[in-house]
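Q: Take this structure, written in structure tokens, and hold onto it; I'll ask about it next.
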Amino acid sequence: MAETDVLLLSLDSCRFDTFSAAQAAGSVPNLSAVGPLHRAQAPSYFTYGSHAAMWMGFTPGVEGCTDPWLNPKAGKLFRMAFAGRAGQDSDGFQLQGANLIEGFRRSGYRTLGSGAVDWFNPQSETGAVLGAPFERFHFAGNTWSLEGQLAWIEQELKETPNHQSTFLFLNVGETHVPYWHVGASWPRKPSPCIAFGGDACDAAESARRQQACLEWVDGRLAPLLNRFSDGTVLICADHGDCWGEDGLWEHGISHPATLTVPLLLRVRGTPIAATPSPSQSRNVRARLWRWRRGSA
């Protein structure tokens, strides 16, 4: 894959503390290699709202940060024309169209997407909206289908002409309730996290299962992440889940637990830190200068 290729990966419902704990345990090496882990605020507390915002360039942002890309208010990585305040984002992707997928298509990219949760189901009028802009879109059918999604992506990438850049979106469902993956040692049901609570709800078990799912996902994503290592990779969650905080469970509710998410970013092969050292700043500027010269 080339420096111009872009991968946007959403770990559905993954809480920031889940990712942080897995990283501290050294059990998500492939995701962690993309860049530093940032504690970010999601644009919404449910799948449709967050992805609709991301389609406009409003990706999760780091609170209090003034760095472009890490804070979309300071500067969007994906800048849609006429969409919000202009920021310090001249080195990002400047796009024209109704959304960033259409923008990449107009720029000559092949746009591929795969969604796991029902908000991406093309058989429903609401679910069809998020996937409609893609040249090719694949709906997994359930929230534990990563292996099938990756097989579809592999085939599509093989069919993409070598000279054509790719924008790829992948929504991962294993970290969504019921927190289960193929081959897991626990049953899919009952879920330890149910909306409005219930006897089966268990915060500790929810945390254990979501982290185990994230670790399983990490192992399967290694080849895909390696393919995009020279390009731009944005990894985030669309929202988190409540696990009993303030008596609340699951998502679809505005709460710090549903809005605080992990964010990792690599732009044209360069990991993006919130406060880079002077040497890192020079390296980033030099790489962006080379990219601008090559794209002129």
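Residue numbers start at 1 in each chain; chains themselves are named A, B, ... in the order of the structure tokens; ligands are numbered from 1 in the order shown.
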Would you kindly return, as an MDAnalysis selection string, each protein, DNA or RNA residue with an atom no farther than 12 Å from any atom of range 202-209 of chain A, considering only C-alpha atoms and excluding same-chain residues fewer than 2 positions away?
A: chainID A and resid 13:22 174:181 184:188 190:194 197:200 211:216 240:245 247:250
Q: Only C-alpha atoms, please: the residues just picked out, written as a short mmCIF file (atom, residue, chain, number, x, y, z; two decimals), in the first residue's frame.
A:
data_model
loop_
_atom_site.label_atom_id
_atom_site.label_comp_id
_atom_site.auth_asym_id
_atom_site.auth_seq_id
_atom_site.Cartn_x
_atom_site.Cartn_y
_atom_site.Cartn_z
CA SER A 13 -18.23 0.47 21.76
CA CYS A 14 -14.63 0.12 22.96
CA ARG A 15 -14.06 2.09 26.13
CA PHE A 16 -10.86 4.05 26.62
CA ASP A 17 -10.06 2.22 29.85
CA THR A 18 -10.44 -1.11 28.05
CA PHE A 19 -7.84 -0.14 25.47
CA SER A 20 -5.57 1.40 28.10
CA ALA A 21 -5.66 -1.75 30.24
CA ALA A 22 -4.94 -3.98 27.25
CA GLU A 174 -16.53 -7.88 18.57
CA THR A 175 -16.02 -5.10 21.14
CA HIS A 176 -19.75 -4.29 20.96
CA VAL A 177 -22.20 -6.05 23.28
CA PRO A 178 -22.44 -8.98 23.88
CA TYR A 179 -18.58 -8.84 23.86
CA TRP A 180 -17.98 -12.12 22.10
CA HIS A 181 -15.67 -13.45 19.41
CA ALA A 184 -14.44 -17.42 22.92
CA SER A 185 -14.50 -19.48 26.12
CA TRP A 186 -17.80 -17.94 27.23
CA PRO A 187 -21.27 -18.07 25.64
CA ARG A 188 -22.67 -15.19 23.59
CA PRO A 190 -26.55 -13.62 28.31
CA SER A 191 -24.61 -10.42 27.81
CA PRO A 192 -23.03 -8.97 30.97
CA CYS A 193 -24.13 -5.52 29.79
CA ILE A 194 -27.81 -4.94 29.04
CA GLY A 197 -29.51 -3.10 33.74
CA GLY A 198 -30.70 -6.45 35.00
CA ASP A 199 -29.62 -9.47 37.01
CA ALA A 200 -27.14 -10.56 34.32
CA GLN A 211 -10.71 -6.52 26.74
CA ALA A 212 -10.46 -10.16 25.69
CA CYS A 213 -12.34 -9.33 22.47
CA LEU A 214 -10.04 -6.38 21.82
CA GLU A 215 -6.98 -8.60 22.26
CA TRP A 216 -8.44 -11.19 19.87
CA GLY A 240 -18.07 3.53 24.80
CA ASP A 241 -20.48 1.74 27.12
CA CYS A 242 -21.72 2.42 30.63
CA TRP A 243 -21.07 -0.39 33.08
CA GLY A 244 -23.21 0.69 35.98
CA GLU A 245 -21.83 4.21 36.36
CA GLY A 247 -26.88 3.35 37.45
CA LEU A 248 -26.53 3.35 33.64
CA TRP A 249 -25.77 0.48 31.29
CA GLU A 250 -24.78 0.17 27.62
#
Q: Rounded to one decimal place, report the CA of Pro271 in chain A-CA of Ser10 in chain A distance in Å.
A: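 Between CA of Pro271 in chain A and CA of Ser10 in chain A the gap is 17.6 Å.
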Q: Run DSSP on the backbone of this structure and report the residues of range 172-225 of chain A it assigns to helix (DSSP H, G or I), as a PyMOL selection string.
A: chain A and resi 203-225
Q: List every residue of range 182-293 of chain A that has an atom at most 10 Å from any atom of range 147-152 of chain A, and for each one report the closest atom pair and its distance in Å to one decimal, counting only C-alpha atoms, with rows sorted by chain and then by increasing residue number, as JSON lines.
A:
{"residue": "A:Val182", "atom": "CA", "partner": "A:Glu147", "partner_atom": "CA", "distance": 8.9}
{"residue": "A:Val217", "atom": "CA", "partner": "A:Glu147", "partner_atom": "CA", "distance": 9.2}
{"residue": "A:Arg220", "atom": "CA", "partner": "A:Glu147", "partner_atom": "CA", "distance": 7.5}
{"residue": "A:Leu221", "atom": "CA", "partner": "A:Leu150", "partner_atom": "CA", "distance": 8.2}
{"residue": "A:Pro223", "atom": "CA", "partner": "A:Leu150", "partner_atom": "CA", "distance": 9.6}
{"residue": "A:Leu224", "atom": "CA", "partner": "A:Leu150", "partner_atom": "CA", "distance": 8.0}
Q: Write down as JSON, numbers by chain the residues of range 159-250 of chain A whose backbone DSSP state falls under strand (DSSP E).
A: {"A": [166, 167, 168, 169, 170, 171, 172, 232, 233, 234, 235, 236, 242, 243, 249, 250]}
Q: Got time to write the residues from that selection, all heavy atoms, as a CSV table (one decimal), in the first residue's frame?
A:
chain,number,residue,atom,x,y,z
A,166,THR,N,-6.5,3.9,-2.1
A,166,THR,CA,-7.6,3.3,-1.4
A,166,THR,C,-8.0,4.0,-0.1
A,166,THR,O,-7.1,4.4,0.7
A,166,THR,CB,-7.3,1.8,-1.0
A,166,THR,OG1,-7.0,1.0,-2.2
A,166,THR,CG2,-8.5,1.2,-0.3
A,167,PHE,N,-9.3,4.3,0.0
A,167,PHE,CA,-9.8,4.7,1.3
A,167,PHE,C,-10.6,3.5,1.8
A,167,PHE,O,-11.6,3.1,1.2
A,167,PHE,CB,-10.7,5.9,1.2
A,167,PHE,CG,-11.5,6.2,2.5
A,167,PHE,CD1,-10.8,6.8,3.6
A,167,PHE,CD2,-12.8,5.8,2.7
A,167,PHE,CE1,-11.5,7.1,4.8
A,167,PHE,CE2,-13.5,6.1,3.9
A,167,PHE,CZ,-12.8,6.7,4.9
A,168,LEU,N,-10.2,3.0,3.0
A,168,LEU,CA,-10.9,1.8,3.6
A,168,LEU,C,-11.4,2.1,4.9
A,168,LEU,O,-10.7,2.6,5.8
A,168,LEU,CB,-9.9,0.6,3.7
A,168,LEU,CG,-10.4,-0.6,4.4
A,168,LEU,CD1,-11.6,-1.3,3.7
A,168,LEU,CD2,-9.2,-1.6,4.6
A,169,PHE,N,-12.7,1.8,5.2
A,169,PHE,CA,-13.3,1.9,6.5
A,169,PHE,C,-13.7,0.5,7.0
A,169,PHE,O,-14.3,-0.3,6.2
A,169,PHE,CB,-14.6,2.8,6.4
A,169,PHE,CG,-15.5,2.7,7.6
A,169,PHE,CD1,-15.1,3.2,8.8
A,169,PHE,CD2,-16.7,2.0,7.5
A,169,PHE,CE1,-15.9,3.1,9.9
A,169,PHE,CE2,-17.5,1.8,8.6
A,169,PHE,CZ,-17.1,2.4,9.8
A,170,LEU,N,-13.4,0.3,8.3
A,170,LEU,CA,-13.7,-1.0,8.9
A,170,LEU,C,-14.3,-0.7,10.3
A,170,LEU,O,-13.7,-0.1,11.1
A,170,LEU,CB,-12.5,-1.9,9.0
A,170,LEU,CG,-12.7,-3.2,9.8
A,170,LEU,CD1,-13.8,-4.1,9.2
A,170,LEU,CD2,-11.3,-3.9,9.9
A,171,ASN,N,-15.6,-1.2,10.4
A,171,ASN,CA,-16.2,-1.1,11.7
A,171,ASN,C,-16.2,-2.5,12.4
A,171,ASN,O,-16.7,-3.5,11.8
A,171,ASN,CB,-17.7,-0.7,11.6
A,171,ASN,CG,-18.6,-0.9,12.8
A,171,ASN,OD1,-19.4,-1.8,12.8
A,171,ASN,ND2,-18.3,-0.2,13.8
A,172,VAL,N,-15.5,-2.6,13.5
A,172,VAL,CA,-15.3,-3.9,14.2
A,172,VAL,C,-16.3,-4.1,15.3
A,172,VAL,O,-16.5,-3.2,16.1
A,172,VAL,CB,-13.9,-4.0,14.8
A,172,VAL,CG1,-13.7,-5.2,15.7
A,172,VAL,CG2,-12.8,-3.9,13.8
A,232,THR,N,-2.1,6.5,6.0
A,232,THR,CA,-2.8,7.2,7.1
A,232,THR,C,-3.7,6.2,7.7
A,232,THR,O,-4.6,5.6,7.1
A,232,THR,CB,-3.5,8.4,6.6
A,232,THR,OG1,-2.6,9.4,6.1
A,232,THR,CG2,-4.4,9.0,7.7
A,233,VAL,N,-3.6,6.0,9.0
A,233,VAL,CA,-4.4,5.1,9.8
A,233,VAL,C,-5.0,5.8,11.0
A,233,VAL,O,-4.3,6.4,11.8
A,233,VAL,CB,-3.7,3.9,10.3
A,233,VAL,CG1,-4.6,2.9,11.1
A,233,VAL,CG2,-3.0,3.1,9.1
A,234,LEU,N,-6.3,5.9,11.1
A,234,LEU,CA,-7.0,6.5,12.3
A,234,LEU,C,-7.8,5.4,12.9
A,234,LEU,O,-8.7,4.8,12.3
A,234,LEU,CB,-7.9,7.6,11.9
A,234,LEU,CG,-8.5,8.5,13.0
A,234,LEU,CD1,-8.8,9.9,12.6
A,234,LEU,CD2,-9.7,7.9,13.7
A,235,ILE,N,-7.4,5.1,14.2
A,235,ILE,CA,-8.1,4.0,15.0
A,235,ILE,C,-8.8,4.7,16.1
A,235,ILE,O,-8.2,5.5,16.8
A,235,ILE,CB,-7.2,3.0,15.5
A,235,ILE,CG1,-6.5,2.2,14.3
A,235,ILE,CG2,-7.9,2.0,16.4
A,235,ILE,CD1,-5.4,1.3,14.8
A,236,CYS,N,-10.1,4.4,16.3
A,236,CYS,CA,-10.9,5.0,17.4
A,236,CYS,C,-12.0,4.1,17.7
A,236,CYS,O,-12.3,3.1,17.1
A,236,CYS,CB,-11.4,6.4,17.0
A,236,CYS,SG,-12.6,6.4,15.6
A,242,CYS,N,-21.6,2.3,29.2
A,242,CYS,CA,-21.7,2.4,30.6
A,242,CYS,C,-21.8,1.0,31.3
A,242,CYS,O,-22.5,0.1,30.7
A,242,CYS,CB,-23.0,3.2,31.0
A,242,CYS,SG,-22.8,5.0,30.8
A,243,TRP,N,-21.1,0.9,32.3
A,243,TRP,CA,-21.1,-0.4,33.1
A,243,TRP,C,-21.5,-0.1,34.5
A,243,TRP,O,-20.8,-0.4,35.5
A,243,TRP,CB,-19.7,-1.0,33.0
A,243,TRP,CG,-19.3,-1.5,31.7
A,243,TRP,CD1,-20.1,-1.9,30.7
A,243,TRP,CD2,-18.0,-1.8,31.2
A,243,TRP,NE1,-19.4,-2.3,29.6
A,243,TRP,CE2,-18.1,-2.3,29.8
A,243,TRP,CE3,-16.7,-1.6,31.7
A,243,TRP,CZ2,-17.0,-2.6,29.1
A,243,TRP,CZ3,-15.6,-1.9,30.9
A,243,TRP,CH2,-15.7,-2.4,29.6
A,249,TRP,N,-26.4,1.6,32.0
A,249,TRP,CA,-25.8,0.5,31.3
A,249,TRP,C,-25.9,0.7,29.8
A,249,TRP,O,-26.8,1.2,29.3
A,249,TRP,CB,-26.4,-0.8,31.7
A,249,TRP,CG,-26.1,-1.2,33.1
A,249,TRP,CD1,-26.9,-0.9,34.2
A,249,TRP,CD2,-25.0,-2.0,33.5
A,249,TRP,NE1,-26.3,-1.4,35.3
A,249,TRP,CE2,-25.1,-2.1,34.9
A,249,TRP,CE3,-24.0,-2.7,32.9
A,249,TRP,CZ2,-24.2,-2.8,35.7
A,249,TRP,CZ3,-23.1,-3.4,33.6
A,249,TRP,CH2,-23.2,-3.4,35.0
A,250,GLU,N,-24.9,0.2,29.1
A,250,GLU,CA,-24.8,0.2,27.6
A,250,GLU,C,-24.6,1.6,27.1
A,250,GLU,O,-24.2,2.5,27.8
A,250,GLU,CB,-26.0,-0.6,27.0
A,250,GLU,CG,-25.6,-1.6,26.0
A,250,GLU,CD,-26.5,-1.6,24.8
A,250,GLU,OE1,-26.8,-0.5,24.3
A,250,GLU,OE2,-26.9,-2.6,24.3
Q: Return as JSON lines the residues of range 197-282 of chain A lying at most 10 Å from range 56-60 of chain A, together with the closest atom-to-atom pair for each and the distance in Å to one decimal, counting only C-alpha atoms, with rows in chain order and ascending residue number.
A:
{"residue": "A:Leu234", "atom": "CA", "partner": "A:Thr59", "partner_atom": "CA", "distance": 9.0}
{"residue": "A:Ile235", "atom": "CA", "partner": "A:Pro60", "partner_atom": "CA", "distance": 9.7}
{"residue": "A:Cys236", "atom": "CA", "partner": "A:Pro60", "partner_atom": "CA", "distance": 7.3}
{"residue": "A:Ala237", "atom": "CA", "partner": "A:Pro60", "partner_atom": "CA", "distance": 8.2}
{"residue": "A:Asp238", "atom": "CA", "partner": "A:Pro60", "partner_atom": "CA", "distance": 7.9}
{"residue": "A:His239", "atom": "CA", "partner": "A:Pro60", "partner_atom": "CA", "distance": 9.3}
{"residue": "A:Leu259", "atom": "CA", "partner": "A:Pro60", "partner_atom": "CA", "distance": 9.2}
{"residue": "A:Thr260", "atom": "CA", "partner": "A:Pro60", "partner_atom": "CA", "distance": 9.0}
{"residue": "A:Val261", "atom": "CA", "partner": "A:Pro60", "partner_atom": "CA", "distance": 7.7}
{"residue": "A:Pro262", "atom": "CA", "partner": "A:Pro60", "partner_atom": "CA", "distance": 8.5}
{"residue": "A:Leu263", "atom": "CA", "partner": "A:Pro60", "partner_atom": "CA", "distance": 7.1}
Q: Keeping only C-alpha atoms, write the selected residues as a PDB file, in the first residue's frame.
A:
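For reference, again_25.pdb as written:
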ATOM      1  CA  LEU A 234      -6.990   6.467  12.267  1.00  0.00           C
ATOM      2  CA  ILE A 235      -8.137   4.030  14.956  1.00  0.00           C
ATOM      3  CA  CYS A 236     -10.862   5.016  17.390  1.00  0.00           C
ATOM      4  CA  ALA A 237     -14.077   3.917  18.998  1.00  0.00           C
ATOM      5  CA  ASP A 238     -17.362   5.464  17.938  1.00  0.00           C
ATOM      6  CA  HIS A 239     -18.490   5.483  21.577  1.00  0.00           C
ATOM      7  CA  LEU A 259     -18.129   9.568  25.194  1.00  0.00           C
ATOM      8  CA  THR A 260     -14.542   8.788  26.293  1.00  0.00           C
ATOM      9  CA  VAL A 261     -12.801   6.659  23.677  1.00  0.00           C
ATOM     10  CA  PRO A 262      -9.341   5.602  22.484  1.00  0.00           C
ATOM     11  CA  LEU A 263      -7.707   7.370  19.556  1.00  0.00           C
TER      12      LEU A 263
END
Q: Which residue is closest to Glu3 in chain A? Choose from A:Asp230, A:Glu125, A:Glu102, A:Glu159 and count only C-alpha atoms.
A: A:Asp230
